[in-house]
Structure formats: structure tokens, C-alpha cells
$ cat target_24.tsv   # TSV, C-alpha atoms
chain	number	residue	atom	x	y	z
A	1	MET	CA	-32.62	1.84	-15.29
A	2	ILE	CA	-36.21	1.96	-16.52
A	3	LYS	CA	-36.28	2.99	-20.17
A	4	LYS	CA	-39.64	1.55	-21.22
A	5	VAL	CA	-42.87	1.04	-19.27
A	6	ALA	CA	-45.75	-1.17	-20.42
A	7	ILE	CA	-49.16	-0.09	-19.09
A	8	ILE	CA	-51.89	-2.74	-19.16
A	9	TYR	CA	-55.43	-1.68	-18.29
A	10	ALA	CA	-58.74	-3.51	-17.86
A	11	PRO	CA	-61.19	-1.75	-20.22
A	12	ARG	CA	-64.23	-2.78	-18.18
A	13	LYS	CA	-62.93	-1.17	-14.98
A	14	ALA	CA	-64.17	2.39	-14.61
A	15	GLY	CA	-61.30	4.88	-14.80
A	16	ALA	CA	-58.61	2.36	-15.79
A	17	ALA	CA	-58.36	3.45	-19.46
A	18	GLU	CA	-58.25	7.12	-18.46
A	19	MET	CA	-55.47	6.48	-15.96
A	20	ALA	CA	-53.49	4.49	-18.55
A	21	SER	CA	-53.60	7.51	-20.86
A	22	GLU	CA	-52.63	9.90	-18.05
A	23	LEU	CA	-49.68	7.78	-16.94
A	24	SER	CA	-48.47	7.40	-20.53
A	25	LYS	CA	-48.51	11.19	-21.02
A	26	ARG	CA	-46.71	11.70	-17.71
A	27	LEU	CA	-44.01	9.23	-18.68
A	28	SER	CA	-43.55	11.02	-22.00
A	29	VAL	CA	-42.97	14.32	-20.17
A	30	LEU	CA	-40.41	12.56	-17.98
A	31	GLY	CA	-38.62	11.23	-21.05
A	32	THR	CA	-39.57	7.58	-20.56
A	33	GLU	CA	-41.00	5.49	-23.38
A	34	SER	CA	-44.34	3.76	-22.74
A	35	GLU	CA	-46.76	1.46	-24.51
A	36	VAL	CA	-50.41	0.93	-23.53
A	37	PHE	CA	-52.22	-2.42	-23.85
A	38	ASP	CA	-55.86	-3.46	-23.48
A	39	SER	CA	-55.90	-6.50	-21.17
A	40	GLU	CA	-58.65	-8.20	-23.16
A	41	HIS	CA	-56.39	-8.51	-26.19
A	42	ILE	CA	-52.96	-9.30	-24.77
A	43	MET	CA	-53.39	-13.09	-24.70
A	44	ASN	CA	-54.08	-13.12	-28.45
A	45	MET	CA	-51.47	-10.61	-29.66
A	46	GLY	CA	-49.15	-13.22	-31.14
A	47	SER	CA	-46.16	-11.66	-29.38
A	48	LYS	CA	-45.12	-11.10	-25.78
A	49	ILE	CA	-44.84	-7.77	-23.97
A	50	ILE	CA	-41.30	-6.39	-23.63
A	51	ALA	CA	-40.54	-3.63	-21.11
A	52	ASP	CA	-38.40	-2.71	-18.09
A	53	LEU	CA	-41.49	-2.23	-15.90
A	54	VAL	CA	-45.12	-3.30	-16.24
A	55	VAL	CA	-47.89	-1.27	-14.61
A	56	ILE	CA	-51.18	-3.17	-14.39
A	57	LEU	CA	-54.41	-1.22	-13.88
A	58	GLY	CA	-57.14	-3.67	-12.95
A	59	GLY	CA	-58.00	-6.46	-10.56
A	60	ASP	CA	-56.25	-9.72	-9.73
A	61	GLY	CA	-57.59	-11.35	-12.90
A	62	THR	CA	-56.01	-8.64	-15.03
A	63	LEU	CA	-52.70	-9.10	-13.24
A	64	LEU	CA	-52.73	-12.87	-13.72
A	65	LYS	CA	-53.56	-12.51	-17.41
A	66	SER	CA	-50.76	-9.96	-17.82
A	67	VAL	CA	-48.16	-12.17	-16.17
A	68	HIS	CA	-48.81	-14.88	-18.76
A	69	SER	CA	-48.27	-12.30	-21.54
A	70	LEU	CA	-44.77	-11.13	-20.58
A	71	TYR	CA	-41.72	-11.90	-22.70
A	72	ASP	CA	-39.46	-12.14	-19.65
A	73	TYR	CA	-40.63	-13.29	-16.21
A	74	ARG	CA	-37.98	-11.06	-14.61
A	75	ILE	CA	-39.83	-7.86	-15.60
A	76	PRO	CA	-40.99	-6.20	-12.34
A	77	ILE	CA	-44.75	-5.73	-11.98
A	78	LEU	CA	-46.60	-2.88	-10.28
A	79	GLY	CA	-50.25	-3.66	-9.59
A	80	VAL	CA	-52.76	-0.80	-9.22
A	81	ASN	CA	-56.10	-2.00	-7.90
A	82	PHE	CA	-59.21	-1.27	-9.94
A	83	GLY	CA	-60.87	-4.52	-8.86
A	84	ARG	CA	-62.87	-5.71	-5.87
A	85	GLY	CA	-60.14	-7.34	-3.80
A	86	GLY	CA	-56.84	-6.30	-5.28
A	87	TYR	CA	-54.97	-8.87	-3.20
A	88	LEU	CA	-52.02	-8.88	-5.60
A	89	SER	CA	-51.91	-5.11	-6.12
A	90	GLU	CA	-49.49	-2.76	-4.39
A	91	LEU	CA	-51.35	0.54	-4.87
A	92	ASN	CA	-54.75	2.18	-5.06
A	93	PRO	CA	-55.39	4.42	-8.12
A	94	GLU	CA	-54.85	7.70	-6.25
A	95	GLU	CA	-51.34	6.58	-5.25
A	96	ALA	CA	-50.16	5.51	-8.71
A	97	SER	CA	-48.91	8.78	-10.22
A	98	ASP	CA	-46.66	9.85	-7.33
A	99	ALA	CA	-45.42	6.28	-6.83
A	100	LEU	CA	-44.43	6.05	-10.50
A	101	ASP	CA	-42.31	9.20	-10.14
A	102	ASP	CA	-40.46	7.59	-7.20
A	103	ILE	CA	-40.04	4.30	-9.05
A	104	LEU	CA	-38.41	6.06	-12.02
A	105	LYS	CA	-35.94	7.57	-9.53
A	106	GLY	CA	-35.12	4.08	-8.25
A	107	ASN	CA	-37.01	4.41	-4.97
A	108	PHE	CA	-38.60	0.97	-4.81
A	109	GLY	CA	-37.94	-2.62	-3.86
A	110	VAL	CA	-38.59	-5.85	-5.74
A	111	GLU	CA	-40.09	-8.91	-4.05
A	112	GLU	CA	-39.46	-12.21	-5.82
A	113	VAL	CA	-42.18	-14.83	-5.29
A	114	MET	CA	-42.15	-18.51	-6.19
A	115	LYS	CA	-44.28	-20.03	-8.95
A	116	LEU	CA	-45.21	-23.65	-9.63
A	117	SER	CA	-45.14	-25.52	-12.94
A	118	ALA	CA	-47.72	-28.03	-14.17
A	119	PHE	CA	-46.73	-30.92	-16.45
A	120	VAL	CA	-48.42	-33.76	-18.29
A	121	GLY	CA	-45.59	-36.19	-18.87
A	122	LYS	CA	-42.75	-34.03	-20.18
A	123	ARG	CA	-45.11	-31.40	-21.65
A	124	LYS	CA	-45.29	-28.21	-19.63
A	125	LEU	CA	-48.82	-26.82	-19.45
A	126	GLY	CA	-47.70	-23.55	-17.88
A	127	ASP	CA	-46.32	-21.74	-14.87
A	128	VAL	CA	-48.66	-21.07	-11.97
A	129	VAL	CA	-48.89	-17.78	-10.06
A	130	ASN	CA	-52.02	-18.55	-8.03
A	131	GLU	CA	-53.42	-22.01	-8.61
A	132	VAL	CA	-54.23	-24.98	-10.80
A	133	TYR	CA	-57.82	-26.23	-10.61
A	134	VAL	CA	-58.51	-29.77	-11.81
A	135	SER	CA	-62.00	-31.18	-12.28
A	136	SER	CA	-63.90	-33.65	-14.44
A	137	GLU	CA	-64.37	-32.71	-18.09
A	138	SER	CA	-68.13	-33.11	-17.48
A	139	ILE	CA	-69.77	-30.37	-15.41
A	140	GLY	CA	-71.29	-31.73	-12.22
A	141	LYS	CA	-69.27	-34.95	-12.21
A	142	VAL	CA	-66.93	-35.80	-9.32
A	143	ILE	CA	-63.37	-37.07	-9.68
A	144	GLU	CA	-61.53	-39.72	-7.70
A	145	PHE	CA	-57.87	-38.90	-7.22
A	146	GLU	CA	-54.79	-39.40	-5.10
A	147	VAL	CA	-51.87	-37.15	-4.22
A	148	VAL	CA	-48.46	-38.82	-4.31
A	149	GLN	CA	-45.02	-37.51	-3.33
A	150	ASN	CA	-41.85	-39.58	-3.20
A	151	GLU	CA	-44.03	-42.61	-4.06
A	152	TYR	CA	-46.11	-42.19	-0.89
A	153	THR	CA	-49.86	-41.64	-1.21
A	154	LEU	CA	-50.69	-38.68	1.03
A	155	LEU	CA	-54.33	-38.06	0.06
A	156	ASP	CA	-56.93	-40.28	-1.58
A	157	GLY	CA	-60.62	-39.71	-2.14
A	158	VAL	CA	-63.49	-38.27	-4.17
A	159	ALA	CA	-64.34	-34.56	-4.66
A	160	ASP	CA	-65.78	-32.08	-7.12
A	161	GLY	CA	-62.22	-31.04	-7.91
A	162	VAL	CA	-58.84	-30.23	-6.43
A	163	ILE	CA	-56.88	-26.98	-6.17
A	164	ILE	CA	-53.09	-26.98	-6.23
A	165	SER	CA	-52.05	-23.55	-5.04
A	166	THR	CA	-48.85	-21.59	-4.62
A	167	PRO	CA	-48.39	-19.94	-1.21
A	168	LEU	CA	-49.17	-16.62	-2.93
A	169	GLY	CA	-52.45	-18.04	-4.22
A	170	SER	CA	-53.36	-19.66	-0.90
A	171	THR	CA	-55.38	-16.57	0.09
A	172	ALA	CA	-57.41	-16.73	-3.15
A	173	TYR	CA	-59.61	-19.58	-4.44
A	174	ALA	CA	-57.85	-22.13	-2.20
A	175	MET	CA	-58.80	-20.22	0.94
A	176	SER	CA	-62.40	-19.86	-0.27
A	177	ALA	CA	-62.47	-23.66	-0.58
A	178	GLY	CA	-61.34	-24.05	3.05
A	179	GLY	CA	-57.57	-24.15	2.61
A	180	PRO	CA	-55.02	-22.49	4.91
A	181	ALA	CA	-53.35	-19.12	4.40
A	182	VAL	CA	-49.66	-19.75	3.74
A	183	ASP	CA	-46.94	-17.10	3.72
A	184	HIS	CA	-45.64	-16.63	0.16
A	185	ARG	CA	-42.05	-16.72	1.41
A	186	LEU	CA	-42.38	-20.47	2.03
A	187	LYS	CA	-41.42	-22.91	-0.73
A	188	ALA	CA	-44.51	-25.08	-0.70
A	189	ALA	CA	-47.64	-26.16	-2.52
A	190	VAL	CA	-51.13	-26.18	-1.00
A	191	ILE	CA	-53.47	-29.03	-1.97
A	192	VAL	CA	-57.16	-28.31	-1.32
A	193	PRO	CA	-59.96	-30.78	-2.19
A	194	VAL	CA	-63.09	-28.96	-3.39
A	195	CYS	CA	-66.38	-30.19	-1.87
A	196	PRO	CA	-64.99	-33.66	-1.01
A	197	LEU	CA	-67.41	-36.58	-0.75
A	198	THR	CA	-64.97	-38.51	1.40
A	199	ARG	CA	-63.01	-37.24	4.39
A	200	MET	CA	-60.06	-35.26	3.03
A	201	ASN	CA	-58.16	-32.37	4.56
A	202	SER	CA	-55.90	-29.81	2.88
A	203	LEU	CA	-52.17	-30.46	2.67
A	204	VAL	CA	-49.16	-28.13	2.65
A	205	LEU	CA	-46.28	-29.91	0.95
A	206	PRO	CA	-42.63	-28.96	0.31
A	207	VAL	CA	-41.68	-28.56	-3.34
A	208	ASP	CA	-38.18	-29.99	-3.13
A	209	SER	CA	-39.61	-33.05	-4.92
A	210	ALA	CA	-42.42	-33.35	-7.46
A	211	ILE	CA	-46.07	-33.77	-6.46
A	212	VAL	CA	-48.06	-36.20	-8.61
A	213	LEU	CA	-51.85	-36.19	-8.84
A	214	ARG	CA	-53.35	-39.40	-10.21
A	215	PHE	CA	-56.94	-39.35	-11.41
A	216	LYS	CA	-59.21	-42.35	-11.85
A	217	VAL	CA	-60.93	-40.82	-14.86
A	218	PRO	CA	-59.70	-40.87	-18.48
A	219	ARG	CA	-60.00	-37.12	-19.10
A	220	ILE	CA	-59.55	-34.08	-16.85
A	221	HIS	CA	-60.22	-30.35	-17.14
A	222	VAL	CA	-57.24	-28.19	-16.06
A	223	LEU	CA	-57.44	-24.45	-15.42
A	224	ILE	CA	-54.27	-22.46	-14.58
A	225	ASP	CA	-54.71	-19.03	-12.98
A	226	GLY	CA	-58.12	-18.76	-14.65
A	227	GLN	CA	-56.28	-18.15	-17.95
A	228	ILE	CA	-54.90	-21.39	-19.40
A	229	LYS	CA	-57.59	-24.03	-20.00
A	230	GLU	CA	-57.15	-27.55	-21.33
A	231	ILE	CA	-59.12	-30.81	-21.41
A	232	LEU	CA	-56.53	-33.57	-21.30
A	233	ASP	CA	-56.50	-37.27	-22.11
A	234	THR	CA	-54.42	-38.14	-19.09
A	235	SER	CA	-54.81	-39.63	-15.65
A	236	GLU	CA	-51.74	-37.96	-14.15
A	237	LEU	CA	-50.60	-34.38	-13.51
A	238	THR	CA	-47.20	-33.42	-12.08
A	239	ILE	CA	-46.57	-30.26	-10.08
A	240	SER	CA	-43.09	-28.93	-9.32
A	241	LYS	CA	-41.38	-25.72	-8.31
A	242	SER	CA	-40.99	-23.49	-11.35
A	243	GLU	CA	-37.60	-22.34	-12.56
A	244	GLN	CA	-39.23	-18.94	-12.94
A	245	SER	CA	-40.60	-16.54	-10.35
A	246	ILE	CA	-42.79	-13.44	-10.35
A	247	ARG	CA	-41.30	-10.09	-9.34
A	248	PHE	CA	-43.49	-7.48	-7.65
A	249	VAL	CA	-42.58	-3.82	-7.24
A	250	ARG	CA	-42.89	-2.83	-3.57
A	251	VAL	CA	-43.09	0.80	-2.45
A	252	LYS	CA	-44.75	0.23	0.93
A	253	ARG	CA	-43.15	-1.02	4.12
A	254	GLU	CA	-46.09	-3.22	5.15
A	255	CYS	CA	-45.66	-6.98	4.70
A	256	SER	CA	-47.62	-7.96	1.58
A	257	PHE	CA	-48.79	-11.25	3.18
A	258	ALA	CA	-50.18	-9.36	6.17
A	259	ARG	CA	-51.89	-6.90	3.83
A	260	ARG	CA	-53.53	-9.73	1.83
A	261	LEU	CA	-54.77	-11.35	5.03
A	262	LYS	CA	-56.29	-8.09	6.25
A	263	LYS	CA	-58.15	-7.66	2.97
A	264	ARG	CA	-59.23	-11.30	2.89
A	265	LEU	CA	-60.46	-11.49	6.47
A	266	ARG	CA	-61.94	-8.03	6.92
$ encode --input "target_24.tsv" --output "C-alpha cells"
Amino acid sequence: MIKKVAIIYAPRKAGAAEMASELSKRLSVLGTESEVFDSEHIMNMGSKIIADLVVILGGDGTLLKSVHSLYDYRIPILGVNFGRGGYLSELNPEEASDALDDILKGNFGVEEVMKLSAFVGKRKLGDVVNEVYVSSESIGKVIEFEVVQNEYTLLDGVADGVIISTPLGSTAYAMSAGGPAVDHRLKAAVIVPVCPLTRMNSLVLPVDSAIVLRFKVPRIHVLIDGQIKEILDTSELTISKSEQSIRFVRVKRECSFARRLKKRLR
């Protein structure tokens, strides 16, 4: 039963703040508690968001930022697109109010999607919804790296950077860099070299064992989902299947992978 709804809106998206206020008032009339958050402040609140449902009014960047601000990864997420692509969103703004009424009545499904985890040694950098991007700490410098799994080197060369993507994120930055579209129901990681100087193709690897990226530079820049940024004194990064997942509210019958492909390739 949904007792509390968190509404996160992107303040720079026209109409998002107004809709957040409208949905909050509607929930109050229906006897459901709600709390409204500005997406530009949630990463610095000092505490995580607690709710039974999270409604995100914004683009994919807002959704990714919101995911990293939740107290419990099992909280279902409803994305309402106020962005350009809205590949991770379920609804358009005009559909949100009626859909929320149905959701409160229990008329919805939940789709659970795999995440990855990134580690340096035993230290976990974070969980990954879309992708990890690794590059040199110096802008404009290339990196030499290799991709190793089960002690076998599968890829070796020089590039501007490398993307390690979840299947869900394969239709985002990874696809723009020439990677394949991979159905999010597969348990895999997508490795995409960015502007390689040597001949390197993308890889799709199972995540039943860890993937190790070894870099022939002393320091690397790591960016997770465009939200978590670190410059690290390390030459090795480990990627594995996360123990957590992300849970999307689904109210439409259409396959979400097919819908993302249509948007991406239109």
C-alpha cells in the first residue's frame, strides 16, 4: 500500500514545478502523504529520500540523480518526461495525473532492472544505472587500457575513454559512441571504447564473473551516471553485477526496450 509519495522535480524544466505542486495537492485530497523535492538540491541534503513511491518530473538526468538519492533501492520509480529524450520515463506530463490515481488503486506493474557496481579494490564507488565513463584525468589525453575477465584479456588498446554500460544504459551514451542496443532483461555489461586510436570493437560480456579494466596511466577520471565523479590514484577498476536493482513503475503494455529504441532511432 502506498502511504507516502515523494515528488522530485527539475526546476529548470518548464511546467515541472507547477505539476509537482498540483500532484501534491491531488494526493492530499486522496488522503496520501507527499513530500516535494527540488532535484538540484537532493544530492546535498545530508539524508536520503524515504517513500513508498517516487514520482520524478524531469529528464533522464533528473531520474539518474534521484535514484542515487533514495534511502532504499526497492522504492518503485515513476518517471514523467519533461526532458528531450525521456528514455527512462514511463509517462508524458498530460498522462501523469490519471496514472497516479490508478497507481494508488494498485493498478500498475513493477519492472526490476539490473544495475552494475564499480569498485576500486574493495572500495565501492557506487551502483550504476546507465554507465561508468573512464577517461584520463587530463582533458584531451588518451588512455591505454585492457579489459580482462577470468584472467583473459578481451580488449586492449588506446582511446579517449571507455564506457562500461548496463543493458538499460546501452541506448544512451554507449549507443552514441557506437555501441550496440542491448535488451535490459539480459544480465550483461557493454564495453564501448570512445574514439579509439587502435582497432577496438564494443563487447557485450556476461556479469556472472567480475570485469577488470586495467589502465596504463597512474590516475583516472571516473564518472558514474553523470552524477558521481572521482579522480582516482589507481590503475584498475572492477565492474560486477550489483546486489541492488532499480524498480520502475509500469502502467503501459508496450515493451520499455522497444519504446526506448523507437525514441532513440526515430
$ residues_around --input "target_24.tsv" --residues "range 235-240 of chain A" --least-positions-apart "5" --cutoff "6 Å" --atoms "all atoms listed in the file" --output "PyMOL selection string"
chain A and resi 116-120+210-215+218
$ closest_residue --input "target_24.tsv" --among "A:Asp160, A:Ser66, A:Arg260, A:Ala6" --to "Ile139 in chain A" --atoms "all atoms listed in the file"
A:Asp160
$ closest_atom_pairs --input "target_24.tsv" --of "range 84-202 of chain A" --to "range 70-78 of chain A" --cutoff "12 Å" --atoms "all atoms listed in the file" --output "JSON lines"
{"residue": "A:Gly86", "atom": "CA", "partner": "A:Leu78", "partner_atom": "CA", "distance": 11.9}
{"residue": "A:Leu88", "atom": "CA", "partner": "A:Leu78", "partner_atom": "CA", "distance": 9.3}
{"residue": "A:Ser89", "atom": "CA", "partner": "A:Leu78", "partner_atom": "CA", "distance": 7.1}
{"residue": "A:Glu90", "atom": "CA", "partner": "A:Leu78", "partner_atom": "CA", "distance": 6.6}
{"residue": "A:Leu91", "atom": "CA", "partner": "A:Leu78", "partner_atom": "CA", "distance": 8.0}
{"residue": "A:Asn92", "atom": "CA", "partner": "A:Leu78", "partner_atom": "CA", "distance": 10.9}
{"residue": "A:Pro93", "atom": "CA", "partner": "A:Leu78", "partner_atom": "CA", "distance": 11.6}
{"residue": "A:Glu95", "atom": "CA", "partner": "A:Leu78", "partner_atom": "CA", "distance": 11.7}
{"residue": "A:Ala96", "atom": "CA", "partner": "A:Leu78", "partner_atom": "CA", "distance": 9.2}
{"residue": "A:Ser97", "atom": "CA", "partner": "A:Leu78", "partner_atom": "CA", "distance": 11.9}
{"residue": "A:Ala99", "atom": "CA", "partner": "A:Leu78", "partner_atom": "CA", "distance": 9.9}
{"residue": "A:Leu100", "atom": "CA", "partner": "A:Leu78", "partner_atom": "CA", "distance": 9.2}
{"residue": "A:Ile103", "atom": "CA", "partner": "A:Leu78", "partner_atom": "CA", "distance": 9.8}
{"residue": "A:Phe108", "atom": "CA", "partner": "A:Leu78", "partner_atom": "CA", "distance": 10.4}
{"residue": "A:Gly109", "atom": "CA", "partner": "A:Pro76", "partner_atom": "CA", "distance": 9.7}
{"residue": "A:Val110", "atom": "CA", "partner": "A:Pro76", "partner_atom": "CA", "distance": 7.0}
{"residue": "A:Glu111", "atom": "CA", "partner": "A:Pro76", "partner_atom": "CA", "distance": 8.8}
{"residue": "A:Glu112", "atom": "CA", "partner": "A:Arg74", "partner_atom": "CA", "distance": 9.0}
{"residue": "A:Val113", "atom": "CA", "partner": "A:Arg74", "partner_atom": "CA", "distance": 10.9}
{"residue": "A:Met114", "atom": "CA", "partner": "A:Tyr73", "partner_atom": "CA", "distance": 11.4}
{"residue": "A:Lys115", "atom": "CA", "partner": "A:Tyr73", "partner_atom": "CA", "distance": 10.6}
{"residue": "A:Asp127", "atom": "CA", "partner": "A:Tyr73", "partner_atom": "CA", "distance": 10.3}
{"residue": "A:Val128", "atom": "CA", "partner": "A:Tyr73", "partner_atom": "CA", "distance": 12.0}
{"residue": "A:Val129", "atom": "CA", "partner": "A:Tyr73", "partner_atom": "CA", "distance": 11.2}
$ axis_aligned_box --input "target_24.tsv" --around "range 138-151 of chain A" --padding-each-side "3 Å" --output "lines of an AutoDock Vina configuration file"
center_x = -56.6
center_y = -36.5
center_z = -10.3
size_x = 35.4
size_y = 18.2
size_z = 20.3
$ atom_distance --input "target_24.tsv" --atom1 "CA of Val249 in chain A" --atom2 "CA of Gly79 in chain A"
8.0 Å
$ atom_distance --input "target_24.tsv" --atom1 "CA of Ser242 in chain A" --atom2 "CA of Met43 in chain A"
21.0 Å
$ closest_residue --input "target_24.tsv" --among "A:Ser135, A:Thr171, A:Ser176, A:Thr198" --to "Leu155 in chain A" --atoms "only C-alpha atoms"
A:Thr198
$ atom_distance --input "target_24.tsv" --atom1 "CA of Ser21 in chain A" --atom2 "CA of Asn130 in chain A"
29.1 Å
$ residues_around --input "target_24.tsv" --residues "Asp208 in chain A" --least-positions-apart "4" --cutoff "10 Å" --atoms "only C-alpha atoms" --output "CSV table (one decimal) with C-alpha atoms, in the frame of the given file"
chain,number,residue,atom,x,y,z
A,187,LYS,CA,-41.4,-22.9,-0.7
A,188,ALA,CA,-44.5,-25.1,-0.7
A,240,SER,CA,-43.1,-28.9,-9.3
A,241,LYS,CA,-41.4,-25.7,-8.3
$ closest_atom_pairs --input "target_24.tsv" --of "range 77-175 of chain A" --to "range 223-230 of chain A" --cutoff "6 Å" --atoms "all atoms listed in the file" --output "JSON lines"
{"residue": "A:Asn130", "atom": "CA", "partner": "A:Asp225", "partner_atom": "CA", "distance": 5.7}
{"residue": "A:Glu131", "atom": "CA", "partner": "A:Asp225", "partner_atom": "CA", "distance": 5.4}
{"residue": "A:Val132", "atom": "CA", "partner": "A:Ile224", "partner_atom": "CA", "distance": 4.5}
{"residue": "A:Tyr133", "atom": "CA", "partner": "A:Leu223", "partner_atom": "CA", "distance": 5.1}
$ residues_around --input "target_24.tsv" --residues "Met19 in chain A" --least-positions-apart "5" --cutoff "10 Å" --atoms "only C-alpha atoms" --output "NGL selection string"
:A and (7 or 9 or 14 or 24-25 or 57 or 93-94 or 96-97)
$ residues_around --input "target_24.tsv" --residues "Val192 in chain A" --least-positions-apart "4" --cutoff "9 Å" --atoms "all atoms listed in the file" --output "short mmCIF file (atom, residue, chain, number, x, y, z; two decimals) with C-alpha atoms, in the frame of the given file"
data_model
loop_
_atom_site.label_atom_id
_atom_site.label_comp_id
_atom_site.auth_asym_id
_atom_site.auth_seq_id
_atom_site.Cartn_x
_atom_site.Cartn_y
_atom_site.Cartn_z
CA GLY A 161 -62.22 -31.04 -7.91
CA VAL A 162 -58.84 -30.23 -6.43
CA ILE A 163 -56.88 -26.98 -6.17
CA ILE A 164 -53.09 -26.98 -6.23
CA SER A 165 -52.05 -23.55 -5.04
CA ALA A 174 -57.85 -22.13 -2.20
CA MET A 175 -58.80 -20.22 0.94
CA ALA A 177 -62.47 -23.66 -0.58
CA GLY A 178 -61.34 -24.05 3.05
CA GLY A 179 -57.57 -24.15 2.61
CA PRO A 180 -55.02 -22.49 4.91
CA MET A 200 -60.06 -35.26 3.03
CA ASN A 201 -58.16 -32.37 4.56
CA SER A 202 -55.90 -29.81 2.88
CA LEU A 203 -52.17 -30.46 2.67
CA VAL A 204 -49.16 -28.13 2.65
#
$ residues_near_point --input "target_24.tsv" --point "(-60.1, 3.5, -24.1)" --cutoff "12 Å" --atoms "only C-alpha atoms" --output "ChimeraX atom specification"
/A:8-22,36-40
$ residues_near_point --input "target_24.tsv" --point "(-59.2, -39.8, -5.5)" --cutoff "8 Å" --atoms "all atoms listed in the file" --output "PyMOL selection string"
chain A and resi 143-147+155-159+214-216
$ write_last_selection --input "target_24.tsv" --atoms "C-alpha atoms" --output "PDB file, in the coordinates of the input"
ATOM      1  CA  ILE A 143     -63.370 -37.070  -9.680  1.00  0.00           C
ATOM      2  CA  GLU A 144     -61.530 -39.720  -7.700  1.00  0.00           C
ATOM      3  CA  PHE A 145     -57.870 -38.900  -7.220  1.00  0.00           C
ATOM      4  CA  GLU A 146     -54.790 -39.400  -5.100  1.00  0.00           C
ATOM      5  CA  VAL A 147     -51.870 -37.150  -4.220  1.00  0.00           C
ATOM      6  CA  LEU A 155     -54.330 -38.060   0.060  1.00  0.00           C
ATOM      7  CA  ASP A 156     -56.930 -40.280  -1.580  1.00  0.00           C
ATOM      8  CA  GLY A 157     -60.620 -39.710  -2.140  1.00  0.00           C
ATOM      9  CA  VAL A 158     -63.490 -38.270  -4.170  1.00  0.00           C
ATOM     10  CA  ALA A 159     -64.340 -34.560  -4.660  1.00  0.00           C
ATOM     11  CA  ARG A 214     -53.350 -39.400 -10.210  1.00  0.00           C
ATOM     12  CA  PHE A 215     -56.940 -39.350 -11.410  1.00  0.00           C
ATOM     13  CA  LYS A 216     -59.210 -42.350 -11.850  1.00  0.00           C
TER      14      LYS A 216
END
$ closest_residue --input "target_24.tsv" --among "A:Glu137, A:Glu35, A:Asp52, A:Asp101" --to "Arg247 in chain A" --atoms "all atoms listed in the file"
A:Asp52
$ residues_around --input "target_24.tsv" --residues "Gly31 in chain A" --least-positions-apart "5" --cutoff "10 Å" --atoms "all atoms listed in the file" --output "PyMOL selection string"
chain A and resi 3-4+25-26
$ closest_residue --input "target_24.tsv" --among "A:Ser170, A:Thr153, A:Thr234, A:Ser34" --to "Ser136 in chain A" --atoms "only C-alpha atoms"
A:Thr234
$ build_atoms --input "target_24.tsv" --residues "range 203-221 of chain A" --atoms "N, CA and C atoms" --output "PDB file, keeping the file's coordinate frame"
ATOM      1  N   LEU A 203     -53.563 -30.155   2.383  1.00  0.00           N
ATOM      2  CA  LEU A 203     -52.170 -30.460   2.670  1.00  0.00           C
ATOM      3  C   LEU A 203     -51.292 -29.276   2.289  1.00  0.00           C
ATOM      4  N   VAL A 204     -50.224 -29.063   3.033  1.00  0.00           N
ATOM      5  CA  VAL A 204     -49.160 -28.130   2.650  1.00  0.00           C
ATOM      6  C   VAL A 204     -47.897 -28.962   2.502  1.00  0.00           C
ATOM      7  N   LEU A 205     -47.377 -29.012   1.245  1.00  0.00           N
ATOM      8  CA  LEU A 205     -46.280 -29.910   0.950  1.00  0.00           C
ATOM      9  C   LEU A 205     -45.048 -29.139   0.474  1.00  0.00           C
ATOM     10  N   PRO A 206     -43.847 -29.592   0.833  1.00  0.00           N
ATOM     11  CA  PRO A 206     -42.630 -28.960   0.310  1.00  0.00           C
ATOM     12  C   PRO A 206     -42.518 -29.240  -1.190  1.00  0.00           C
ATOM     13  N   VAL A 207     -41.820 -28.373  -1.895  1.00  0.00           N
ATOM     14  CA  VAL A 207     -41.680 -28.560  -3.340  1.00  0.00           C
ATOM     15  C   VAL A 207     -40.250 -28.929  -3.732  1.00  0.00           C
ATOM     16  N   ASP A 208     -39.527 -29.528  -2.794  1.00  0.00           N
ATOM     17  CA  ASP A 208     -38.180 -29.990  -3.130  1.00  0.00           C
ATOM     18  C   ASP A 208     -38.223 -31.276  -3.947  1.00  0.00           C
ATOM     19  N   SER A 209     -39.402 -31.924  -4.014  1.00  0.00           N
ATOM     20  CA  SER A 209     -39.610 -33.050  -4.920  1.00  0.00           C
ATOM     21  C   SER A 209     -40.999 -32.909  -5.538  1.00  0.00           C
ATOM     22  N   ALA A 210     -41.192 -33.532  -6.696  1.00  0.00           N
ATOM     23  CA  ALA A 210     -42.420 -33.350  -7.460  1.00  0.00           C
ATOM     24  C   ALA A 210     -43.635 -33.926  -6.733  1.00  0.00           C
ATOM     25  N   ILE A 211     -44.782 -33.304  -6.984  1.00  0.00           N
ATOM     26  CA  ILE A 211     -46.070 -33.770  -6.460  1.00  0.00           C
ATOM     27  C   ILE A 211     -46.855 -34.323  -7.643  1.00  0.00           C
ATOM     28  N   VAL A 212     -47.335 -35.550  -7.525  1.00  0.00           N
ATOM     29  CA  VAL A 212     -48.060 -36.200  -8.610  1.00  0.00           C
ATOM     30  C   VAL A 212     -49.516 -36.398  -8.203  1.00  0.00           C
ATOM     31  N   LEU A 213     -50.428 -35.953  -9.053  1.00  0.00           N
ATOM     32  CA  LEU A 213     -51.850 -36.190  -8.840  1.00  0.00           C
ATOM     33  C   LEU A 213     -52.305 -37.234  -9.856  1.00  0.00           C
ATOM     34  N   ARG A 214     -52.875 -38.327  -9.358  1.00  0.00           N
ATOM     35  CA  ARG A 214     -53.350 -39.400 -10.210  1.00  0.00           C
ATOM     36  C   ARG A 214     -54.879 -39.449 -10.143  1.00  0.00           C
ATOM     37  N   PHE A 215     -55.489 -39.431 -11.312  1.00  0.00           N
ATOM     38  CA  PHE A 215     -56.940 -39.350 -11.410  1.00  0.00           C
ATOM     39  C   PHE A 215     -57.498 -40.646 -11.991  1.00  0.00           C
ATOM     40  N   LYS A 216     -58.602 -41.109 -11.391  1.00  0.00           N
ATOM     41  CA  LYS A 216     -59.210 -42.350 -11.850  1.00  0.00           C
ATOM     42  C   LYS A 216     -60.341 -42.060 -12.827  1.00  0.00           C
ATOM     43  N   VAL A 217     -60.047 -41.140 -13.733  1.00  0.00           N
ATOM     44  CA  VAL A 217     -60.930 -40.820 -14.860  1.00  0.00           C
ATOM     45  C   VAL A 217     -60.038 -40.673 -16.083  1.00  0.00           C
ATOM     46  N   PRO A 218     -60.550 -40.922 -17.290  1.00  0.00           N
ATOM     47  CA  PRO A 218     -59.700 -40.870 -18.480  1.00  0.00           C
ATOM     48  C   PRO A 218     -59.356 -39.469 -18.957  1.00  0.00           C
ATOM     49  N   ARG A 219     -60.218 -38.493 -18.634  1.00  0.00           N
ATOM     50  CA  ARG A 219     -60.000 -37.120 -19.100  1.00  0.00           C
ATOM     51  C   ARG A 219     -60.243 -36.150 -17.959  1.00  0.00           C
ATOM     52  N   ILE A 220     -59.414 -35.089 -17.901  1.00  0.00           N
ATOM     53  CA  ILE A 220     -59.550 -34.080 -16.850  1.00  0.00           C
ATOM     54  C   ILE A 220     -59.573 -32.680 -17.463  1.00  0.00           C
ATOM     55  N   HIS A 221     -60.205 -31.761 -16.745  1.00  0.00           N
ATOM     56  CA  HIS A 221     -60.220 -30.350 -17.140  1.00  0.00           C
ATOM     57  C   HIS A 221     -59.244 -29.616 -16.225  1.00  0.00           C
TER      58      HIS A 221
END
